[in-house]
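Student: structure25.csv is the file, holding CSV, C-alpha atoms:
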chain,number,residue,atom,x,y,z
Z,1,MET,CA,90.2,99.1,95.4
Z,2,PRO,CA,92.4,95.9,96.1
Z,3,LEU,CA,94.9,95.1,93.4
Z,4,THR,CA,97.7,93.2,95.2
Z,5,LEU,CA,95.6,90.6,97.2
Z,6,PRO,CA,95.5,86.9,96.4
Z,7,SER,CA,92.7,85.8,94.1
Z,8,PRO,CA,89.1,86.1,95.3
Z,9,GLY,CA,88.9,82.3,95.4
Z,10,THR,CA,91.8,82.1,97.8
Z,11,LEU,CA,90.4,84.8,100.0
Z,12,TYR,CA,87.0,83.2,100.0
Z,13,ALA,CA,88.5,79.9,101.1
Z,14,ALA,CA,90.2,81.8,103.9
Z,15,LEU,CA,86.9,83.4,104.9
Z,16,ILE,CA,85.2,80.1,105.1
Z,17,ALA,CA,88.0,78.7,107.2
Z,18,ARG,CA,88.2,81.9,109.3
Z,19,ASP,CA,92.0,81.8,108.6
Z,20,PRO,CA,93.7,84.2,111.0
Z,21,ALA,CA,96.7,84.6,108.6
Z,22,TYR,CA,94.8,87.4,106.8
Z,23,ASP,CA,93.5,89.2,109.9
Z,24,GLY,CA,94.2,92.9,109.4
Z,25,HIS,CA,95.6,92.4,105.9
Z,26,ALA,CA,92.4,91.6,104.0
Z,27,PHE,CA,88.7,92.4,104.5
Z,28,VAL,CA,85.5,91.2,102.9
Z,29,GLY,CA,82.6,93.4,101.8
Z,30,VAL,CA,79.2,91.7,101.6
Z,31,ARG,CA,77.0,93.1,98.9
Z,32,THR,CA,73.7,91.8,100.3
Z,33,THR,CA,74.2,93.5,103.7
Z,34,GLY,CA,76.5,96.5,102.8
Z,35,VAL,CA,78.9,95.7,105.6
Z,36,PHE,CA,82.6,94.7,105.7
Z,37,CYS,CA,84.2,92.2,108.0
Z,38,ARG,CA,87.4,90.6,109.0
Z,39,LEU,CA,87.9,87.2,107.4
Z,40,THR,CA,87.7,85.6,110.9
Z,41,CYS,CA,84.2,87.0,111.5
Z,42,ALA,CA,81.9,84.5,113.1
Z,43,ALA,CA,78.9,85.7,111.2
Z,44,ARG,CA,77.1,83.5,108.7
Z,45,LYS,CA,79.2,83.3,105.6
Z,46,PRO,CA,77.9,85.0,102.4
Z,47,ARG,CA,77.8,83.3,99.0
Z,48,PHE,CA,80.9,83.8,96.9
Z,49,GLU,CA,79.2,85.9,94.3
Z,50,ASN,CA,78.1,88.4,97.1
Z,51,THR,CA,81.7,89.0,98.4
Z,52,ARG,CA,84.2,91.7,97.5
Z,53,PHE,CA,87.7,91.7,99.0
Z,54,PHE,CA,89.8,94.7,100.0
Z,55,ALA,CA,93.3,95.2,101.2
Z,56,SER,CA,92.5,98.0,103.7
Z,57,ILE,CA,89.8,99.5,105.8
Z,58,PRO,CA,89.8,102.8,103.8
Z,59,ALA,CA,89.2,100.9,100.6
Z,60,CYS,CA,86.1,99.2,102.2
Z,61,LEU,CA,84.8,102.6,103.3
Z,62,GLU,CA,85.5,104.2,100.0
Z,63,ALA,CA,83.5,101.4,98.3
Z,64,GLY,CA,80.5,102.3,100.5
Z,65,PHE,CA,80.6,99.4,103.0
Z,66,ARG,CA,79.9,99.8,106.7
Z,67,PRO,CA,81.9,98.1,109.5
Z,68,CYS,CA,80.3,94.9,110.8
Z,69,GLN,CA,78.9,95.2,114.3
Z,70,ARG,CA,79.8,91.6,115.1
Z,71,CYS,CA,83.5,91.4,114.3
Z,72,ARG,CA,83.9,95.2,114.6
Z,73,PRO,CA,86.9,95.5,112.3
Z,74,LEU,CA,87.5,99.2,113.3
Z,75,SER,CA,87.6,98.4,117.0
Z,76,GLN,CA,89.7,95.3,116.5
Z,77,MET,CA,92.3,97.4,114.7
Z,78,GLY,CA,92.2,100.0,117.5
Z,79,ALA,CA,92.3,97.5,120.3
Z,80,ARG,CA,96.1,97.8,120.5
Z,81,GLU,CA,95.9,101.6,121.0
Z,82,PRO,CA,93.4,102.9,123.7
Z,83,LEU,CA,93.3,106.3,122.0
Z,84,VAL,CA,92.2,104.8,118.7
Z,85,ALA,CA,89.7,102.6,120.4
Z,86,LEU,CA,88.2,105.6,122.3
Z,87,LEU,CA,87.7,107.7,119.2
Z,88,LEU,CA,86.4,104.8,117.1
Z,89,ASN,CA,83.8,104.2,119.8
Z,90,ARG,CA,82.8,107.9,119.7
Z,91,LEU,CA,82.5,107.7,115.9
Z,92,GLU,CA,80.2,104.7,116.2
Z,93,CYS,CA,78.0,106.4,118.8
Z,94,GLU,CA,77.8,109.7,116.9
Z,95,PRO,CA,77.9,108.7,113.2
Z,96,GLY,CA,76.3,112.0,112.0
Z,97,ARG,CA,78.7,114.3,113.9
Z,98,SER,CA,81.0,116.6,111.9
Z,99,TRP,CA,84.4,116.2,113.7
Z,100,SER,CA,87.1,118.8,113.9
Z,101,GLU,CA,90.5,119.3,115.6
Z,102,GLU,CA,88.7,121.6,118.1
Z,103,ASP,CA,86.6,118.6,119.2
Z,104,LEU,CA,89.7,116.6,119.9
Z,105,VAL,CA,91.2,119.5,121.9
Z,106,ALA,CA,88.0,119.7,123.9
Z,107,MET,CA,88.5,116.0,124.8
Z,108,ARG,CA,92.0,117.0,126.0
Z,109,LEU,CA,93.6,115.1,123.1
Z,110,ASP,CA,96.5,116.3,121.0
Z,111,PRO,CA,95.5,116.4,117.4
Z,112,SER,CA,99.0,115.5,116.1
Z,113,THR,CA,99.1,112.4,118.4
Z,114,VAL,CA,95.7,111.3,117.2
Z,115,ARG,CA,96.7,111.8,113.6
Z,116,ARG,CA,99.9,109.7,114.0
Z,117,ALA,CA,98.0,106.9,115.9
Z,118,PHE,CA,95.3,106.6,113.3
Z,119,ARG,CA,97.8,106.6,110.4
Z,120,ARG,CA,99.8,103.9,112.2
Z,121,HIS,CA,96.7,101.7,112.8
Z,122,LEU,CA,94.3,102.4,110.0
Z,123,GLY,CA,96.4,104.1,107.3
Z,124,MET,CA,94.3,107.3,107.5
Z,125,THR,CA,93.7,110.1,110.0
Z,126,PHE,CA,90.6,110.1,112.3
Z,127,LEU,CA,89.2,113.2,110.7
Z,128,ASP,CA,89.6,111.7,107.2
Z,129,LEU,CA,87.8,108.6,108.4
Z,130,ALA,CA,85.0,110.6,109.9
Z,131,ARG,CA,84.6,112.8,106.8
Z,132,LEU,CA,84.7,109.8,104.5
Z,133,ARG,CA,82.0,108.0,106.3
Z,134,CYS,CA,79.8,111.1,106.3
Z,135,LEU,CA,80.5,112.0,102.8
Z,136,GLY,CA,79.7,108.5,101.6
Z,137,ARG,CA,76.2,108.9,103.0
Z,138,GLY,CA,75.8,112.2,101.2
Z,139,MET,CA,77.1,110.7,98.0
Z,140,ASP,CA,74.4,108.0,98.2
Z,141,ARG,CA,71.7,110.6,98.5
Z,142,LEU,CA,73.1,112.5,95.5
Z,143,ALA,CA,73.2,109.4,93.3
Z,144,ALA,CA,69.6,108.6,94.4
Z,145,GLY,CA,68.5,111.9,93.0
Z,146,ASP,CA,68.0,113.8,96.3
Z,147,ALA,CA,68.5,117.5,96.5
Z,148,VAL,CA,71.9,118.8,97.2
Z,149,ILE,CA,70.8,120.3,100.5
Z,150,GLU,CA,69.5,117.0,101.7
Z,151,ALA,CA,72.7,115.2,100.8
Z,152,GLN,CA,74.7,118.0,102.5
Z,153,LEU,CA,72.8,117.5,105.7
Z,154,GLU,CA,73.1,113.7,105.5
Z,155,ALA,CA,76.8,114.1,105.1
Z,156,GLY,CA,77.0,116.3,108.3
Z,157,TYR,CA,78.1,119.5,106.5
Z,158,GLU,CA,76.6,122.7,107.9
Z,159,SER,CA,78.4,124.7,105.1
Z,160,ASP,CA,77.2,124.5,101.6
Z,161,SER,CA,80.6,125.5,100.2
Z,162,GLY,CA,82.3,122.9,102.5
Z,163,PHE,CA,80.2,120.1,101.2
Z,164,ARG,CA,80.6,121.1,97.5
Z,165,GLY,CA,84.3,121.4,98.0
Z,166,ALA,CA,84.5,117.9,99.5
Z,167,VAL,CA,82.5,116.4,96.7
Z,168,ALA,CA,84.5,118.2,94.1
Z,169,GLN,CA,87.8,117.0,95.6
Z,170,LEU,CA,86.5,113.4,95.7
Z,171,LEU,CA,84.9,113.2,92.3
Z,172,GLY,CA,86.2,116.2,90.4
Z,173,ASP,CA,82.7,117.5,89.9
Z,174,CYS,CA,80.1,119.7,91.7
Z,175,PRO,CA,77.2,118.2,93.7
Z,176,ALA,CA,74.5,119.7,91.4
Z,177,ARG,CA,76.0,117.9,88.4
Z,178,LEU,CA,76.2,114.6,90.3
Z,179,ARG,CA,72.5,114.6,91.4
Z,180,GLY,CA,70.8,111.6,90.0
Z,181,ARG,CA,73.9,110.6,88.0
Z,182,ASP,CA,74.8,107.0,87.8
Z,183,LEU,CA,78.4,106.4,88.9
Z,184,LEU,CA,80.6,103.7,87.5
Z,185,LYS,CA,80.1,100.2,88.9
Z,186,ALA,CA,82.7,97.5,89.1
Z,187,ASP,CA,82.3,93.7,89.5
Z,188,TRP,CA,84.4,90.6,89.2
Z,189,ILE,CA,83.9,88.0,86.4
Z,190,GLU,CA,85.4,84.6,86.9
Z,191,THR,CA,86.9,82.9,83.8
Z,192,PRO,CA,88.9,79.8,83.2
Z,193,VAL,CA,92.1,81.9,82.8
Z,194,GLY,CA,91.6,84.0,86.0
Z,195,ALA,CA,89.3,86.7,87.5
Z,196,MET,CA,88.6,89.8,85.5
Z,197,LEU,CA,87.4,93.2,86.7
Z,198,ALA,CA,84.6,94.8,84.7
Z,199,VAL,CA,83.7,98.5,85.0
Z,200,ALA,CA,80.7,100.0,83.4
Z,201,ASP,CA,78.0,102.7,83.5
Z,202,PRO,CA,74.4,101.9,82.8
Z,203,HIS,CA,75.0,102.2,79.1
Z,204,ALA,CA,78.5,101.0,78.2
Z,205,LEU,CA,81.5,98.9,79.3
Z,206,HIS,CA,84.5,101.0,80.1
Z,207,LEU,CA,87.0,98.4,81.2
Z,208,LEU,CA,87.5,94.7,81.3
Z,209,GLU,CA,90.9,93.6,82.5
Z,210,PHE,CA,92.6,90.6,84.3
Z,211,PHE,CA,92.8,91.1,88.0
Z,212,ASP,CA,96.6,90.6,88.1
Z,213,ARG,CA,97.5,93.0,85.3
Z,214,LYS,CA,100.2,95.2,86.6
Z,215,ALA,CA,98.9,98.3,84.8
Z,216,LEU,CA,95.4,97.9,86.3
Z,217,PRO,CA,95.8,100.4,89.1
Z,218,ALA,CA,96.9,103.2,86.7
Z,219,GLU,CA,94.1,102.3,84.3
Z,220,LEU,CA,91.5,102.7,87.0
Z,221,ILE,CA,93.0,106.1,88.0
Z,222,ARG,CA,92.8,107.3,84.4
Z,223,LEU,CA,89.3,105.9,84.0
Z,224,ARG,CA,88.1,107.8,87.1
Z,225,GLU,CA,89.8,111.0,85.9
Z,226,ARG,CA,88.4,110.7,82.4
Z,227,THR,CA,84.8,110.0,83.4
Z,228,ARG,CA,85.0,112.4,86.4
Z,229,SER,CA,83.4,109.7,88.5
Z,230,THR,CA,84.0,107.3,91.3
Z,231,ILE,CA,84.1,103.5,90.9
Z,232,SER,CA,82.1,101.5,93.5
Z,233,PHE,CA,81.2,97.8,93.5
Z,234,GLY,CA,77.9,96.9,92.0
Z,235,ARG,CA,76.3,95.7,88.8
Z,236,ALA,CA,75.4,97.6,85.6
Z,237,ALA,CA,73.6,96.1,82.6
Z,238,PRO,CA,76.7,96.0,80.4
Z,239,ILE,CA,78.6,93.9,83.0
Z,240,ASN,CA,75.8,91.3,83.0
Z,241,GLN,CA,75.8,91.2,79.2
Z,242,VAL,CA,79.6,90.9,78.8
Z,243,GLU,CA,79.6,88.2,81.5
Z,244,ALA,CA,77.0,86.1,79.6
Z,245,GLU,CA,79.0,86.7,76.4
Z,246,LEU,CA,82.3,85.6,78.0
Z,247,ARG,CA,80.6,82.5,79.3
Z,248,ALA,CA,79.6,81.6,75.8
Z,249,TYR,CA,83.1,82.4,74.6
Z,250,PHE,CA,84.8,80.1,77.1
Z,251,ASP,CA,82.2,77.4,76.5
Z,252,SER,CA,83.1,77.5,72.8
Z,253,ARG,CA,79.6,78.4,71.9
Z,254,SER,CA,80.2,81.9,70.4
Z,255,ALA,CA,83.0,84.4,69.9
Z,256,THR,CA,80.7,87.3,69.2
Z,257,PHE,CA,80.5,90.2,71.5
Z,258,SER,CA,77.8,92.9,71.2
Z,259,THR,CA,78.2,94.7,74.5
Z,260,VAL,CA,78.3,98.4,73.9
Z,261,LEU,CA,81.7,99.8,74.6
Z,262,ALA,CA,82.5,103.3,75.8
Z,263,ARG,CA,84.2,105.4,73.1
Z,264,THR,CA,87.6,106.5,74.3
Z,265,GLY,CA,91.0,107.3,72.8
Z,266,SER,CA,91.9,109.2,69.7
Z,267,ALA,CA,90.3,108.7,66.3
Z,268,PHE,CA,93.4,106.6,65.2
Z,269,THR,CA,93.3,104.5,68.4
Z,270,GLN,CA,89.6,103.8,67.8
Z,271,ARG,CA,90.3,102.7,64.2
Z,272,VAL,CA,93.0,100.3,65.4
Z,273,TRP,CA,90.5,98.8,67.9
Z,274,GLN,CA,87.9,98.4,65.2
Z,275,GLU,CA,90.4,96.7,63.0
Z,276,LEU,CA,91.3,94.3,65.9
Z,277,MET,CA,87.6,93.4,66.3
Z,278,ALA,CA,87.5,92.6,62.6
Z,279,ILE,CA,90.2,89.9,62.9
Z,280,PRO,CA,88.3,86.6,62.8
Z,281,PRO,CA,88.7,84.2,65.8
Z,282,GLY,CA,91.5,81.7,65.1
Z,283,VAL,CA,93.4,84.2,63.0
Z,284,THR,CA,96.3,86.3,64.0
Z,285,ARG,CA,97.9,89.5,62.5
Z,286,SER,CA,101.1,91.3,62.9
Z,287,TYR,CA,101.4,95.0,63.8
Z,288,ALA,CA,102.7,95.7,60.2
Z,289,GLU,CA,99.7,93.9,58.7
Z,290,LEU,CA,97.3,95.9,60.9
Z,291,ALA,CA,99.0,99.2,59.9
Z,292,ALA,CA,98.8,98.2,56.2
Z,293,SER,CA,95.1,97.4,56.5
Z,294,LEU,CA,94.6,100.9,57.9
Z,295,GLY,CA,96.4,102.4,55.0
Z,296,ARG,CA,99.3,103.4,57.2
Z,297,PRO,CA,102.0,100.9,56.4
Z,298,SER,CA,104.7,103.0,58.2
Z,299,ALA,CA,102.6,103.3,61.4
Z,300,ALA,CA,103.4,99.8,63.0
Z,301,ARG,CA,104.7,101.4,66.2
Z,302,ALA,CA,101.6,103.6,66.5
Z,303,VAL,CA,99.4,100.6,66.0
Z,304,ALA,CA,101.4,98.8,68.8
Z,305,ARG,CA,100.8,101.7,71.1
Z,306,ALA,CA,97.1,101.8,70.4
Z,307,ASN,CA,97.0,98.0,70.9
Z,308,GLY,CA,98.6,98.3,74.3
Z,309,ALA,CA,96.2,101.1,75.3
Z,310,ASN,CA,93.2,98.7,74.9
Z,311,GLN,CA,91.3,98.4,78.3
Z,312,VAL,CA,88.7,95.9,77.2
Z,313,ALA,CA,90.5,92.5,77.0
Z,314,ILE,CA,89.2,89.7,74.9
Z,315,VAL,CA,86.2,91.8,73.6
Z,316,VAL,CA,88.7,94.0,71.7
Z,317,PRO,CA,91.0,91.1,70.8
Z,318,CYS,CA,94.5,92.6,71.1
Z,319,HIS,CA,95.7,89.1,71.9
Z,320,ARG,CA,95.3,88.2,68.2
Z,321,VAL,CA,98.3,90.4,67.3
Z,322,ILE,CA,101.7,88.7,67.2
Z,323,GLY,CA,105.2,89.5,66.0
Z,324,ALA,CA,106.1,89.6,62.3
Z,325,ASP,CA,108.1,86.4,62.7
Z,326,GLY,CA,105.1,84.6,64.3
Z,327,THR,CA,106.3,84.8,67.9
Z,328,LEU,CA,104.1,85.9,70.7
Z,329,THR,CA,104.7,89.6,71.7
Z,330,GLY,CA,103.9,91.4,74.9
Z,331,TYR,CA,100.4,91.0,76.5
Z,332,GLY,CA,99.2,92.8,79.6
Z,333,GLY,CA,97.4,89.7,80.8
Z,334,GLY,CA,100.5,87.6,80.5
Z,335,LEU,CA,101.9,85.6,77.5
Z,336,TRP,CA,100.5,82.4,78.9
Z,337,ARG,CA,97.0,83.8,78.6
Z,338,LYS,CA,97.7,85.1,75.2
Z,339,ARG,CA,98.8,81.6,74.1
Z,340,TRP,CA,95.7,80.1,75.8
Z,341,LEU,CA,93.3,82.5,74.1
Z,342,ILE,CA,94.8,82.0,70.6
Z,343,GLU,CA,94.7,78.2,71.0
Z,344,HIS,CA,91.2,78.3,72.3
Z,345,GLU,CA,90.0,80.4,69.3
Z,346,ARG,CA,91.9,78.1,66.9
Z,347,LYS,CA,90.0,75.1,68.2
Z,348,MET,CA,86.7,77.1,68.0
Z,349,ALA,CA,87.4,78.0,64.4
Z,350,GLU,CA,88.3,74.4,63.5
Z,351,ALA,CA,85.1,73.1,65.2
Z,352,ALA,CA,83.0,75.6,63.2
Z,353,LEU,CA,84.4,74.3,59.9
Using the file provided, produce a representation of the structure as structure tokens.
Tutor:
Amino acid sequence: MPLTLPSPGTLYAALIARDPAYDGHAFVGVRTTGVFCRLTCAARKPRFENTRFFASIPACLEAGFRPCQRCRPLSQMGAREPLVALLLNRLECEPGRSWSEEDLVAMRLDPSTVRRAFRRHLGMTFLDLARLRCLGRGMDRLAAGDAVIEAQLEAGYESDSGFRGAVAQLLGDCPARLRGRDLLKADWIETPVGAMLAVADPHALHLLEFFDRKALPAELIRLRERTRSTISFGRAAPINQVEAELRAYFDSRSATFSTVLARTGSAFTQRVWQELMAIPPGVTRSYAELAASLGRPSAARAVARANGANQVAIVVPCHRVIGADGTLTGYGGGLWRKRWLIEHERKMAEAAL
């Protein structure tokens, strides 16, 4: 999942302009077609809300997108290396084939040479690329509720144990337990203070963070490990709900959030988050005051840690906590955003009075 790219708005402008500056460094996935392209692709441009941007081809494939047949991003990357181009063409012609090193040897190719060439051009080996594409098809069948054996065959695995092992390595779970299970979905939400990434299952919101937050990659890894799931682009009901509530918040119409949140963290951490949500808009508290309100006046540092562990920005308003002397303290989204949010809520509160 891309976490070091320019903003989606910047990349979308580059897509519209077919800017070659990003060629090979950024790719666009189109939700309506399920394909990914180079930003210089000559195909009809999608609407902004239907685009997702990635920093690498493996990231596109892991999110479930297929390579575009018009701009052929895989072939373009392999054009500088005949060996890579040859195997990518074979992969396109035989998408359901289960590849092995023996197949490469039968083609009179050296597996180690192939491995180095693909790592150099695509950032992953040919065999990993082939397995990922096949496994992705099998994962789709599992999530749709199909039988494990059907998903196994779709993924190109003759061995039941091999397929189960591959799924377990990818998701940390066995195929039977994944059948019919809704995986986590992620989508972008644009706000006046920058793009946010929302992650949810069909019932609850798990994460809402600013795109440029430095800790976001680590948070996504922890979330995937904790939920024993993958994160793919798409929409879940809680994302739609929190997007509507954020729109009302930034329009100064409401500061109330009722989106169901996933219950994570220790009992103490959850108490801190509940106390944060009890702080009225336009009001700030210090860590010491929060600790006192919890009946733990000596636990200011523990309160600060729980505050920093919050993964649902704005909805759980950790930005309302300031230093004991009234100064702004650290905020994962940046102090400028913290100042903006506090001032925005102050104006909302004044208008309500």
Student: Report the distance between atom CA of Ser7 of chain Z and atom CA of Arg70 of chain Z in Å, rounded to one decimal place.
Tutor: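 For atom CA of Ser7 of chain Z relative to atom CA of Arg70 of chain Z, the distance reads 25.3 Å.
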Student: Which polymer residues have any atom within 10 Å of an atom of Ala309 of chain Z, counting all atoms listed in the file, with same-chain residues fewer than 4 positions away left out, as an MDAnalysis selection string?
Tutor: chainID Z and resid 219 265 269 273 303:305 318 332
Student: May I have the residues within 12 Å of Arg253 of chain Z as an MDAnalysis selection string, using all atoms listed in the file and disregarding those fewer than 6 positions away in the same chain?
Tutor: chainID Z and resid 244:247 344:345 347:349 351:352
Student: Taking all atoms listed in the file into account, name the residue in Z:Ile57, Z:Ala267, Z:Met107, Z:Cys68 that is nearest to Met124 of chain Z.
Tutor: Z:Ile57
Student: Closest to Arg72 of chain Z among Z:Glu92, Z:Asp251, Z:Glu275, Z:Glu190, using only C-alpha atoms?
Tutor: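 Closest to Arg72 of chain Z of all the choices is Z:Glu92.
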Student: Tell me, as an MDAnalysis selection string, which residues lie within 9 Å of Cys60 of chain Z, counting only C-alpha atoms; anything in the same chain fewer than 5 positions away does not count.
Tutor: chainID Z and resid 1 27:29 35:36 53:55 65:67
Student: Output C-alpha atoms for every residue in the selection just made, as a PDB file, in the frame of the given file.
Tutor:
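Saved file part.pdb follows:
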ATOM      1  CA  MET Z   1      90.200  99.100  95.400  1.00  0.00           C
ATOM      2  CA  PHE Z  27      88.700  92.400 104.500  1.00  0.00           C
ATOM      3  CA  VAL Z  28      85.500  91.200 102.900  1.00  0.00           C
ATOM      4  CA  GLY Z  29      82.600  93.400 101.800  1.00  0.00           C
ATOM      5  CA  VAL Z  35      78.900  95.700 105.600  1.00  0.00           C
ATOM      6  CA  PHE Z  36      82.600  94.700 105.700  1.00  0.00           C
ATOM      7  CA  PHE Z  53      87.700  91.700  99.000  1.00  0.00           C
ATOM      8  CA  PHE Z  54      89.800  94.700 100.000  1.00  0.00           C
ATOM      9  CA  ALA Z  55      93.300  95.200 101.200  1.00  0.00           C
ATOM     10  CA  PHE Z  65      80.600  99.400 103.000  1.00  0.00           C
ATOM     11  CA  ARG Z  66      79.900  99.800 106.700  1.00  0.00           C
ATOM     12  CA  PRO Z  67      81.900  98.100 109.500  1.00  0.00           C
TER      13      PRO Z  67
END
Student: Work out how far apart atom CA of Tyr249 of chain Z and atom CA of Phe210 of chain Z are and give it in Å to one decimal.
Tutor: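 Separation between atom CA of Tyr249 of chain Z and atom CA of Phe210 of chain Z: 15.9 Å.
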Student: Which one is closest to Ala306 of chain Z: Z:Arg271, Z:Arg285, Z:Arg131, Z:Arg228? Count all atoms listed in the file.
Tutor: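 Closest residue, counting all atoms listed in the file: Z:Arg271.
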Student: For Arg263 of chain Z, list every protein, DNA or RNA residue within 12 Å, evaluated using only C-alpha atoms, and leave out those in the same chain fewer than 4 positions away; present the list as a PyMOL selection string.
Tutor: chain Z and resi 203-207+226-227+267+269-271+273-274+310-312
Student: Which residue is closest to Ala59 of chain Z? Choose from Z:Leu184, Z:Leu129, Z:Leu109, Z:Leu223 and count only C-alpha atoms.
Tutor: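 Closest candidate: Z:Leu129.
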Student: Between atom CA of Ser298 of chain Z and atom CA of Ala313 of chain Z, measure the distance and give it in Å to one decimal.
Tutor: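 Computing it gives 25.8 Å between the two atoms.
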Student: Check the smallest atom-to-atom distance from each of Z:Ser112, Z:Ser254, Z:Thr259, Z:Thr329 to Ala237 of chain Z using all atoms listed in the file, then report the winner.
Tutor: Z:Thr259
